[in-house]
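Structure data (compact mmCIF, C-alpha atoms) from my_file-v6.txt:
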```txt
# COMPACT_ATOMS: atom_id res chain seq x y z
CA MET A 1 0.00 0.00 0.00
CA LYS A 2 2.77 2.42 0.96
CA LYS A 3 4.69 1.70 -2.25
CA GLN A 4 1.66 2.48 -4.38
CA ALA A 5 1.18 5.82 -2.60
CA GLU A 6 4.81 6.68 -3.30
CA LYS A 7 4.40 5.76 -6.98
CA THR A 8 1.37 7.99 -7.48
CA ALA A 9 2.56 10.92 -5.32
CA GLY A 10 3.83 12.81 -8.37
CA GLN A 11 0.56 12.23 -10.24
CA GLN A 12 -1.78 13.55 -7.55
CA ARG A 13 -3.23 16.93 -8.28
CA GLY A 14 -3.71 18.33 -4.80
CA ARG A 15 -3.80 22.08 -5.42
CA PRO A 16 -2.90 22.39 -9.10
CA PHE A 17 -3.27 26.18 -9.30
CA LYS A 18 -1.30 28.88 -7.60
CA PRO A 19 -3.23 31.07 -5.13
CA GLY A 20 -5.20 33.70 -7.01
CA GLN A 21 -5.19 31.72 -10.24
CA SER A 22 -7.93 29.56 -11.67
CA GLY A 23 -8.26 26.84 -14.25
CA ASN A 24 -11.06 28.97 -15.74
CA PRO A 25 -9.89 32.60 -15.53
CA SER A 26 -12.95 33.98 -17.32
CA GLY A 27 -15.23 32.27 -14.77
CA LYS A 28 -18.68 30.84 -15.21
CA PRO A 29 -20.52 32.44 -18.16
CA LYS A 30 -23.19 34.99 -17.21
CA GLY A 31 -26.68 33.54 -17.13
CA THR A 32 -25.50 29.99 -16.52
CA ARG A 33 -27.95 28.23 -14.25
CA ASN A 34 -27.35 25.66 -11.58
CA LYS A 35 -28.11 22.06 -12.62
CA ALA A 36 -30.67 21.70 -9.81
CA THR A 37 -32.45 24.86 -10.98
CA LEU A 38 -32.56 23.59 -14.54
CA ALA A 39 -33.96 20.24 -13.38
CA ALA A 40 -36.65 21.97 -11.29
CA LEU A 41 -37.62 24.21 -14.21
CA GLU A 42 -37.90 21.20 -16.48
CA LEU A 43 -40.20 19.44 -14.00
CA LEU A 44 -42.40 22.52 -13.59
CA GLU A 45 -42.59 23.30 -17.30
CA GLY A 46 -46.18 23.14 -18.43
CA GLU A 47 -47.51 23.08 -14.86
CA ALA A 48 -47.25 26.81 -14.12
CA SER A 49 -50.91 27.61 -14.71
CA ALA A 50 -52.12 24.62 -12.66
CA LEU A 51 -49.76 25.50 -9.78
CA THR A 52 -50.82 29.15 -9.90
CA ARG A 53 -54.50 28.15 -9.83
CA LYS A 54 -53.84 25.84 -6.85
CA ALA A 55 -52.00 28.61 -4.96
CA ILE A 56 -54.92 30.97 -5.57
CA GLU A 57 -57.44 28.35 -4.41
CA GLU A 58 -55.39 27.73 -1.25
CA ALA A 59 -55.16 31.46 -0.58
CA LEU A 60 -58.90 31.86 -1.01
CA SER A 61 -59.55 28.98 1.38
CA GLY A 62 -57.54 30.69 4.13
CA ASN A 63 -54.02 29.29 3.72
CA MET A 64 -52.04 32.31 4.96
CA ILE A 65 -48.76 31.26 3.34
CA ALA A 66 -50.43 30.87 -0.05
CA LEU A 67 -52.19 34.19 0.49
CA ARG A 68 -48.90 35.92 1.26
CA ILE A 69 -47.29 34.44 -1.86
CA CYS A 70 -50.21 35.57 -4.04
CA LEU A 71 -50.21 39.07 -2.56
CA GLU A 72 -46.45 39.41 -3.01
CA ARG A 73 -46.97 38.66 -6.71
CA LEU A 74 -49.87 41.10 -7.06
CA ILE A 75 -48.50 44.04 -5.07
CA SER A 76 -44.97 45.20 -5.72
CA PRO A 77 -42.84 45.95 -2.65
CA ALA A 78 -43.38 49.45 -1.30
CA LYS A 79 -40.77 51.93 -2.39
CA GLU A 80 -39.70 54.88 -0.36
CA ARG A 81 -42.13 57.72 -0.72
CA PRO A 82 -40.92 61.27 -1.23
CA ILE A 83 -40.49 63.36 1.89
CA ASN A 84 -42.21 66.73 1.56
CA ILE A 85 -40.96 68.98 4.33
CA ASP A 86 -39.27 72.36 4.26
CA ILE A 87 -35.57 72.03 5.00
CA PRO A 88 -33.38 75.14 5.04
CA ILE A 89 -30.28 75.29 2.87
CA ALA A 90 -26.99 75.20 4.76
CA SER A 91 -23.71 76.27 3.27
CA ASP A 92 -21.78 76.19 6.53
CA ALA A 93 -21.68 74.06 9.67
CA ALA A 94 -23.83 76.54 11.62
CA GLY A 95 -26.71 76.05 9.15
CA LEU A 96 -26.82 72.34 9.89
CA VAL A 97 -28.40 73.05 13.27
CA SER A 98 -31.46 74.54 11.55
CA ILE A 99 -31.69 71.50 9.26
CA SER A 100 -31.65 69.14 12.26
CA ALA A 101 -34.28 71.28 13.98
CA ALA A 102 -36.51 71.12 10.88
CA ILE A 103 -36.23 67.34 10.75
CA LEU A 104 -37.01 67.04 14.46
CA ALA A 105 -40.01 69.36 14.10
CA ALA A 106 -41.32 67.30 11.16
CA VAL A 107 -41.15 64.12 13.26
CA GLY A 108 -42.89 65.91 16.12
CA LYS A 109 -45.73 67.04 13.83
CA GLY A 110 -46.04 63.57 12.32
CA ASP A 111 -45.09 64.77 8.83
CA ILE A 112 -42.36 62.12 8.64
CA ASP A 113 -41.73 58.96 10.64
CA PRO A 114 -38.58 58.32 12.71
CA GLY A 115 -37.17 56.01 10.01
CA GLN A 116 -37.41 58.76 7.42
CA ALA A 117 -35.84 61.17 9.91
CA ALA A 118 -32.93 58.75 10.37
CA SER A 119 -32.47 58.59 6.59
CA LEU A 120 -32.49 62.38 6.39
CA ALA A 121 -30.00 62.55 9.28
CA LYS A 122 -27.61 60.40 7.24
CA VAL A 123 -27.95 62.82 4.32
CA VAL A 124 -27.28 65.73 6.70
CA GLU A 125 -24.19 63.90 8.00
CA ILE A 126 -22.86 63.50 4.45
CA HIS A 127 -23.55 67.18 3.83
CA ARG A 128 -21.73 68.07 7.08
CA ASN A 129 -18.71 66.07 5.96
CA THR A 130 -18.74 67.87 2.63
CA ILE A 131 -18.92 71.28 4.32
CA GLU A 132 -16.09 70.36 6.70
CA MET A 133 -13.93 69.16 3.82
CA HIS A 134 -14.60 72.38 1.92
CA GLU A 135 -13.81 74.54 4.97
CA LEU A 136 -10.58 72.59 5.58
CA GLU A 137 -9.62 73.06 1.95
CA ILE A 138 -10.15 76.84 2.25
CA ARG A 139 -8.13 77.00 5.49
CA LEU A 140 -5.32 74.94 3.98
CA LYS A 141 -5.23 77.16 0.89
CA LYS A 142 -4.99 80.30 3.09
CA LEU A 143 -2.22 78.70 5.14
CA GLU A 144 -0.28 77.73 2.01
CA ASP A 145 -0.72 81.23 0.57
CA SER A 146 0.55 82.86 3.79
CA LEU A 147 3.56 80.52 3.86
CA ASN A 148 4.32 81.31 0.23
CA GLU A 149 4.13 85.08 0.97
CA LYS A 150 6.57 84.69 3.88
CA ARG A 151 9.03 82.81 1.66
CA ASN A 152 8.93 85.50 -1.02
```
Let me see the structure of the file written as C-alpha cells.
Amino acid sequence: MKKQAEKTAGQQRGRPFKPGQSGNPSGKPKGTRNKATLAALELLEGEASALTRKAIEEALSGNMIALRICLERLISPAKERPINIDIPIASDAAGLVSISAAILAAVGKGDIDPGQAASLAKVVEIHRNTIEMHELEIRLKKLEDSLNEKRN
C-alpha cells in the first residue's frame, strides 16, 4: 500500500493552481444556471398555470402562506415615498443646526416617521462632511498662501 502511494505521489493533483489563479480565468458564463435549478424548471414546465391556480385556491380557502405568496406577486414591494418637508439650505456648519431642527419638528408634527428622519439625518451627516472638507480646503489654501508670501 505504501509503495503504491509513493508511486502515485507525483501524479496527484492536490492544489494544481497557484493562489489567485484559476483553471477557468474567465469564470462561469453569465446567465449559466445551476443544474438543480434547470432540473426543477424542467419538472415545472407546463404546470405553471395549474400551480398558480392551486396557490390561488389555497389562498382563497384561508391558507395564509399561499395568500402571502399571491399578494407578493400582485402588489410590488413598497418603495420609499418622497419626503415633503421644508428644510433650510446650509452652506456652513452653523446652518446644519437649523436642518436638524426642521427634521425634528417634522417628526414631532407627524409629517415624517422616525425612520425617514434617520435617513435624512444620514444625508445631513454626508452634507456636514462635505462642508467640513470644503472649509478645511479653504483653510489649507490660506495657510499655504501665507507661507508662500513669507518665503517671497
List every residue of segment 17-99 of chain A that has an atom at most 9 Å from any atom of segment 126-138 of chain A, and for each one report the closest atom pair and its distance in Å to one decimal, counting only C-alpha atoms, with rows sorted by chain and then by increasing residue number, as CSV.
```
residue,atom,partner,partner_atom,distance
A:Ala90,CA,A:His127,CA,8.8
A:Ser91,CA,A:Ile131,CA,7.0
A:Asp92,CA,A:Ile131,CA,6.1
A:Ala93,CA,A:Arg128,CA,6.5
A:Leu96,CA,A:Arg128,CA,7.2
```
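Atom CA of Ala36 of chain A is found 24.7 Å from atom CA of Arg53 of chain A.
From atom CA of Lys54 of chain A back to atom CA of Leu74 of chain A, the distance works out to 15.8 Å.
Counting only C-alpha atoms and comparing A:Ala48, A:Ala66, A:Ile85, A:Leu147, the residue that lies closest to Ile103 of chain A is A:Ile85.
Distances from A:Val97, A:Met64, A:Ile83, A:Ile89 to Gly110 of chain A were compared using all atoms listed in the file, and the smallest one belongs to A:Ile83.
Residues within 12 Å of Ile69 of chain A, counting all atoms listed in the file and excluding same-chain residues fewer than 5 positions away, are Thr52, Lys54, Ala55, Ile56, Glu58, Ala59, Leu60, Asn63, Met64, Leu74, Ile75 and Ser76 of chain A.
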Output file for the residues above (C-alpha atoms, as a CSV table (one decimal), in the frame of the given file):
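What follows is the written file out-v6.csv:
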```csv
chain,number,residue,atom,x,y,z
A,52,THR,CA,-50.8,29.2,-9.9
A,54,LYS,CA,-53.8,25.8,-6.8
A,55,ALA,CA,-52.0,28.6,-5.0
A,56,ILE,CA,-54.9,31.0,-5.6
A,58,GLU,CA,-55.4,27.7,-1.2
A,59,ALA,CA,-55.2,31.5,-0.6
A,60,LEU,CA,-58.9,31.9,-1.0
A,63,ASN,CA,-54.0,29.3,3.7
A,64,MET,CA,-52.0,32.3,5.0
A,74,LEU,CA,-49.9,41.1,-7.1
A,75,ILE,CA,-48.5,44.0,-5.1
A,76,SER,CA,-45.0,45.2,-5.7
```
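As for atom CA of Ala106 of chain A and atom CA of Ala118 of chain A, they are spaced 12.0 Å apart.
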> Pick the closest to Leu120 of chain A from A:Ala105, A:Ile99, A:Leu140, A:Leu43: which is it, counting only C-alpha atoms?
Replying inline: A:Ile99
